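Working notes for the structure below.
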Amino acid sequence: LTLEPHAGLDDRHLESWAQVFKGHLVYEPRAIPLVRLGQEFNLAPVHAYPWGEDPDLYRRWFRSWSTRLGRFARIVWSPNVAYPGSRPVVAYWPGEAYVDIVGLDGYAWNSAMPADIFGPTLAFLRGFTEME
């Protein structure tokens, strides 16, 4: 499930999602929901989502939501692959304590190979996510 902060998700909605996840775990304790919070925050300004405009605000938002939803779900942090003009991924890293899974979005254009699309950003992510 992807939750986007521009979708009118306030504390009431957030608590509602937490209760849904909690109820799900009662019936399926091994089927833990994966929740991706505010994906592709590092897109170039011309393509950017609103939540990618301020890295400090994004990190605060992510940490708050992760703390509340992480009791009942696995939290996914998912940047887009780096490309010319994209924002620096590391500026949005909320910290290991708030992330259960690191995802990565990337798109194949002009028959690009997976290693070319994902390789450089994966190497970078490994470098800073393992430093903590």
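Letters for chains follow the order of the structure tokens (A, B, ...), residue numbers begin at 1 for each chain, and ligand numbers begin at 1 in the order shown.
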
Skipping near chain neighbours, those fewer than 4 positions away, what residues fall within 12 Å of Pro88 of chain A using only C-alpha atoms, listed as JSON, numbers by chain? {"A": [40, 41, 42, 43, 44, 45, 52, 53, 54, 55, 79, 80, 81, 82, 83, 84, 92, 93, 121, 124, 125]}

If we count only C-alpha atoms, what is near Leu69 of chain A at a cut-off of 9 Å, once residues fewer than 4 positions away on the same chain are taken out, given as an MDAnalysis selection string? chainID A and resid 14:15 17:18 21 35 64:65 73:75

Since we have the selection now, will you write its residues out, keeping N, CA, C and O atoms, as a compact mmCIF listing (two decimals), in the first residue's frame?
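Printed below is part-v6.txt as written:
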```txt
# COMPACT_ATOMS: atom_id res chain seq x y z
N LEU A 14 -4.81 8.57 9.45
CA LEU A 14 -3.66 7.77 9.83
C LEU A 14 -4.05 6.74 10.89
O LEU A 14 -3.69 5.56 10.80
N GLU A 15 -4.79 7.16 11.89
CA GLU A 15 -5.23 6.24 12.93
C GLU A 15 -6.17 5.18 12.36
O GLU A 15 -6.13 4.02 12.76
N TRP A 17 -6.03 3.94 9.31
CA TRP A 17 -5.16 2.95 8.64
C TRP A 17 -4.49 2.04 9.67
O TRP A 17 -4.41 0.83 9.48
N ALA A 18 -4.01 2.61 10.75
CA ALA A 18 -3.37 1.80 11.79
C ALA A 18 -4.34 0.74 12.32
O ALA A 18 -3.96 -0.42 12.53
N PHE A 21 -4.71 -2.11 9.79
CA PHE A 21 -3.56 -3.00 9.82
C PHE A 21 -3.57 -3.87 11.07
O PHE A 21 -3.28 -5.07 11.02
N VAL A 35 3.86 -0.92 3.82
CA VAL A 35 3.33 0.42 3.58
C VAL A 35 4.46 1.31 3.09
O VAL A 35 5.44 1.55 3.80
N SER A 64 7.19 10.48 11.77
CA SER A 64 5.94 10.49 12.52
C SER A 64 5.02 9.36 12.07
O SER A 64 4.49 8.61 12.89
N TRP A 65 4.82 9.25 10.78
CA TRP A 65 3.93 8.21 10.26
C TRP A 65 4.51 6.82 10.48
O TRP A 65 3.80 5.88 10.80
N ALA A 73 2.66 -2.66 10.67
CA ALA A 73 3.04 -2.83 9.27
C ALA A 73 4.56 -2.70 9.14
O ALA A 73 5.23 -2.22 10.05
N ARG A 74 5.08 -3.13 8.01
CA ARG A 74 6.48 -2.89 7.67
C ARG A 74 6.52 -1.62 6.83
O ARG A 74 5.75 -1.46 5.88
N ILE A 75 7.42 -0.72 7.17
CA ILE A 75 7.49 0.59 6.53
C ILE A 75 8.55 0.58 5.42
O ILE A 75 9.70 0.20 5.64
```

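The coordinates place atom CA of Phe72 of chain A at 10.1 Å from atom CA of Val26 of chain A.
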
Best match for closeness to Ile32 of chain A among A:Pro50, A:Pro5, A:Gly119, A:Gly70, counting only C-alpha atoms: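 Smallest distance to Ile32 of chain A is found for A:Gly70.
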
Go through A:Ala115, A:Val99, A:Val90, A:Leu1 one by one, measure the shortest atom-to-atom distance of each to Ser66 of chain A using only C-alpha atoms, and give the residue with the smallest value.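 When distances to Ser66 of chain A are compared using only C-alpha atoms, the smallest one comes from A:Val99.
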